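Asker: Handing you a structure now.
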Amino acid sequence: MSAIGRIHSFESCGTVDGPGIRFIVFLQGCLLRCKYCHNRDTWDPDDGKEATVEEIITEAKSYRHFMKASGGGITASGGEAMMQPEFVRDLFTAAKAEGIHTCLDTNGYVRKMTDVIDEVLDASDLVMLDLKQINDAIHRDLVGVPNKRILDFARYLQARNQLTWIRYVVVPGYTDNDESAHMLGEFIKDMDNIEKIEMLPYHKLGAHKWETMGYDYPLGDLEPPKKETMERIKSILEGYGKKVIF
């Protein structure tokens, strides 16, 4: 029987969610409540539409030429992909059988380590892990949950020597200070599995989704960080021996 997932949407030629040109599957459902979430409509796990692995692979294969030429592949994102681990496992297994690169884009908030989590990671060529804030008090304020499970997941990726990119969103007043950058650098400096850190500047492109759904956007008064801020954070993180881009 075909594995069925609950999907928010697809992006056929994505260029920012992993290497190369990618077919991105945005899965429905998320346990974090990020104040800056640009996919507010993905939170409810019962929304979206159902899709089978076969349907997605068939669609993705029509872009195989672009993916192969650019070193791209399939990315499972969200929402939070690891809320549907069985589906992601089956999707990635099918993708790899077709010779398609697989990338897991996750916030790392895994409630319980199970065999299926390992099976997802076994089928993932690359993990992009969001480390939103190492300071737990700020993390709770910014995204609504403690960061212990996320940091434990990061350590687990290290133990597996899983190829990982770290994503760090620079949010004014929350993650744009030197102390937060140094805490992140200290946390990951000895993790040899991390290929690079991808800094993402905060933006308000998803604010309209909050408003359309009848919610106030929590960070409406914030403006994106200045280039000087991004350069300063980049310099701090590079001091811990990691490649950093933005």
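Labels for the structure tokens follow display order: chains A, B, ..., residues from 1 in each chain, ligands from 1.
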Neighbouring residues of Arg149 (chain A) were defined as those with any atom within 7 Å, considering only C-alpha atoms; residues of the same chain fewer than 6 positions away were excluded. Please report them as a list in words.

Answerer: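 Close residues of Arg149 (chain A): Tyr109, Val110 and Arg111 of chain A.
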
Asker: Compile the contact shell of Ser124 (chain A) as a ChimeraX atom specification: residues with an atom at most 6 Å away, counting only C-alpha atoms, same-chain residues fewer than 3 positions apart removed.

Answerer: /A:102-103,121

Asker: In region 17-201 of chain A, what's helix (DSSP H, G or I) per DSSP? Answer as an MDAnalysis selection string?

Answerer: chainID A and resid 40:42 53:61 64:70 81:83 85:97 115:122 136:143 148:160 178:188

Asker: Please determine, counting only C-alpha atoms, which residue among A:Arg232, A:His139, A:Lys148, A:Lys226 has the shortest atom-to-atom distance to Thr175 (chain A).

Answerer: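 Among the listed residues, the smallest separation from Thr175 (chain A) belongs to A:His139.
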
Asker: Calculated over only C-alpha atoms, which of the candidates A:Ser9, A:Leu32, A:Leu104, A:Met83 has the smallest distance to Gly48 (chain A)?

Answerer: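 The answer is A:Ser9, which sits nearest to Gly48 (chain A).
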
Asker: For a quick check of understanding, using only C-alpha atoms, which of A:Gly5, A:Gly185, A:Pro85, A:Gly72 has the smallest distance to Asp46 (chain A)?

Answerer: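 That would be A:Gly5, the residue with the smallest distance to Asp46 (chain A).
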
Asker: What's around Ala95 (chain A) at 12 Å? Count only C-alpha atoms, leave out sequence neighbours fewer than 5 positions away in its own chain, and write the answer as a VMD selection string.

Answerer: chain A and resid 23 53 to 61 64 73 to 76 88 to 90 100 to 103 123 to 125

Asker: Restrict the selected residues to N, CA, C and O atoms and save them as a tab-separated table (two decimals), in the first residue's frame.

Answerer:
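Resulting contents of selection_24.tsv:
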chain	number	residue	atom	x	y	z
A	23	PHE	N	13.12	19.88	-5.74
A	23	PHE	CA	11.68	19.70	-5.63
A	23	PHE	C	11.39	19.64	-4.13
A	23	PHE	O	11.82	18.71	-3.44
A	53	VAL	N	3.50	8.69	-1.85
A	53	VAL	CA	4.90	8.73	-2.26
A	53	VAL	C	5.01	8.63	-3.77
A	53	VAL	O	5.77	9.37	-4.40
A	54	GLU	N	4.25	7.74	-4.36
A	54	GLU	CA	4.31	7.55	-5.80
A	54	GLU	C	3.93	8.82	-6.56
A	54	GLU	O	4.55	9.17	-7.57
A	55	GLU	N	2.91	9.52	-6.07
A	55	GLU	CA	2.50	10.76	-6.73
A	55	GLU	C	3.61	11.80	-6.69
A	55	GLU	O	3.87	12.48	-7.69
A	56	ILE	N	4.24	11.92	-5.55
A	56	ILE	CA	5.30	12.92	-5.41
A	56	ILE	C	6.52	12.56	-6.25
A	56	ILE	O	7.10	13.41	-6.94
A	57	ILE	N	6.92	11.29	-6.20
A	57	ILE	CA	8.09	10.87	-6.98
A	57	ILE	C	7.84	11.04	-8.47
A	57	ILE	O	8.73	11.50	-9.22
A	58	THR	N	6.64	10.71	-8.92
A	58	THR	CA	6.31	10.88	-10.33
A	58	THR	C	6.43	12.34	-10.74
A	58	THR	O	6.99	12.67	-11.80
A	59	GLU	N	5.92	13.23	-9.91
A	59	GLU	CA	6.00	14.67	-10.20
A	59	GLU	C	7.45	15.14	-10.15
A	59	GLU	O	7.91	15.88	-11.03
A	60	ALA	N	8.18	14.71	-9.14
A	60	ALA	CA	9.56	15.15	-8.99
A	60	ALA	C	10.43	14.69	-10.15
A	60	ALA	O	11.33	15.43	-10.59
A	61	LYS	N	10.18	13.50	-10.65
A	61	LYS	CA	11.00	12.96	-11.74
A	61	LYS	C	10.91	13.79	-13.01
A	61	LYS	O	11.82	13.76	-13.84
A	64	ARG	N	13.84	15.93	-13.16
A	64	ARG	CA	15.11	15.23	-12.94
A	64	ARG	C	16.28	15.89	-13.67
A	64	ARG	O	17.37	15.99	-13.12
A	73	GLY	N	17.89	17.91	-5.90
A	73	GLY	CA	17.18	16.71	-5.47
A	73	GLY	C	15.85	17.07	-4.82
A	73	GLY	O	15.23	18.08	-5.15
A	74	ILE	N	15.43	16.24	-3.87
A	74	ILE	CA	14.18	16.43	-3.16
A	74	ILE	C	14.47	16.90	-1.73
A	74	ILE	O	15.35	16.35	-1.06
A	75	THR	N	13.73	17.90	-1.27
A	75	THR	CA	13.81	18.36	0.12
A	75	THR	C	12.46	18.18	0.78
A	75	THR	O	11.43	18.56	0.22
A	76	ALA	N	12.45	17.59	1.97
A	76	ALA	CA	11.25	17.51	2.80
A	76	ALA	C	11.32	18.62	3.83
A	76	ALA	O	12.24	18.67	4.65
A	88	VAL	N	8.20	10.48	5.38
A	88	VAL	CA	9.48	10.99	4.88
A	88	VAL	C	10.44	9.84	4.60
A	88	VAL	O	11.15	9.84	3.59
A	89	ARG	N	10.46	8.85	5.49
A	89	ARG	CA	11.32	7.68	5.27
A	89	ARG	C	10.99	7.02	3.93
A	89	ARG	O	11.89	6.73	3.12
A	90	ASP	N	9.71	6.79	3.68
A	90	ASP	CA	9.31	6.11	2.45
A	90	ASP	C	9.55	6.99	1.23
A	90	ASP	O	9.94	6.49	0.17
A	100	ILE	N	17.94	10.07	-6.73
A	100	ILE	CA	17.67	11.48	-6.42
A	100	ILE	C	18.19	11.82	-5.03
A	100	ILE	O	17.91	11.12	-4.06
A	101	HIS	N	18.96	12.89	-4.92
A	101	HIS	CA	19.51	13.36	-3.65
A	101	HIS	C	18.39	13.77	-2.71
A	101	HIS	O	17.39	14.36	-3.12
A	102	THR	N	18.56	13.47	-1.42
A	102	THR	CA	17.53	13.76	-0.42
A	102	THR	C	18.05	14.70	0.65
A	102	THR	O	19.17	14.55	1.14
A	103	CYS	N	17.21	15.66	1.03
A	103	CYS	CA	17.58	16.64	2.05
A	103	CYS	C	16.42	16.79	3.04
A	103	CYS	O	15.29	17.06	2.64
A	123	ALA	N	18.19	7.52	5.23
A	123	ALA	CA	17.79	7.83	3.86
A	123	ALA	C	18.02	9.29	3.49
A	123	ALA	O	17.67	9.71	2.39
A	124	SER	N	18.60	10.08	4.41
A	124	SER	CA	18.84	11.51	4.18
A	124	SER	C	20.30	11.74	3.80
A	124	SER	O	21.20	11.45	4.58
A	125	ASP	N	20.51	12.27	2.60
A	125	ASP	CA	21.88	12.61	2.19
A	125	ASP	C	22.38	13.84	2.92
A	125	ASP	O	23.59	14.00	3.12

Asker: Just the residues within 8 Å of Val116 (chain A), please, counting only C-alpha atoms, with nothing from its chain fewer than 2 positions along; format it as a list in words.

Answerer: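 Selected residues are Pro85, Glu86, Arg89, Thr114, Asp118, Glu119 and Val120 of chain A.
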
Asker: Write out the residues from the selection above, keeping N, CA, C and O atoms, as an mmCIF file, in the first residue's frame.

Answerer:
data_model
loop_
_atom_site.group_PDB
_atom_site.id
_atom_site.type_symbol
_atom_site.label_atom_id
_atom_site.label_comp_id
_atom_site.auth_asym_id
_atom_site.auth_seq_id
_atom_site.Cartn_x
_atom_site.Cartn_y
_atom_site.Cartn_z
ATOM 1 N N PRO A 85 7.356 11.105 10.136
ATOM 2 C CA PRO A 85 8.621 10.435 9.814
ATOM 3 C C PRO A 85 8.465 9.215 8.924
ATOM 4 O O PRO A 85 9.331 8.949 8.081
ATOM 5 N N GLU A 86 7.387 8.444 9.099
ATOM 6 C CA GLU A 86 7.208 7.260 8.259
ATOM 7 C C GLU A 86 7.069 7.652 6.787
ATOM 8 O O GLU A 86 7.610 6.986 5.899
ATOM 9 N N ARG A 89 10.465 8.852 5.494
ATOM 10 C CA ARG A 89 11.321 7.680 5.269
ATOM 11 C C ARG A 89 10.995 7.022 3.930
ATOM 12 O O ARG A 89 11.888 6.734 3.117
ATOM 13 N N THR A 114 13.233 7.035 17.912
ATOM 14 C CA THR A 114 12.729 5.706 17.594
ATOM 15 C C THR A 114 13.470 5.169 16.368
ATOM 16 O O THR A 114 14.238 5.888 15.715
ATOM 17 N N ASP A 118 15.862 6.939 12.917
ATOM 18 C CA ASP A 118 17.113 6.475 12.312
ATOM 19 C C ASP A 118 16.913 6.121 10.847
ATOM 20 O O ASP A 118 17.797 6.375 10.012
ATOM 21 N N GLU A 119 15.765 5.546 10.521
ATOM 22 C CA GLU A 119 15.494 5.166 9.132
ATOM 23 C C GLU A 119 15.370 6.401 8.236
ATOM 24 O O GLU A 119 15.814 6.388 7.085
ATOM 25 N N VAL A 120 14.769 7.468 8.765
ATOM 26 C CA VAL A 120 14.724 8.726 8.012
ATOM 27 C C VAL A 120 16.136 9.257 7.784
ATOM 28 O O VAL A 120 16.506 9.635 6.667
#

Asker: Report, in Å to a single decimal, how far apart CA of Thr106 (chain A) and CA of Gln28 (chain A) are.

Answerer: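 Between CA of Gln28 (chain A) and CA of Thr106 (chain A) the gap works out to 12.6 Å.
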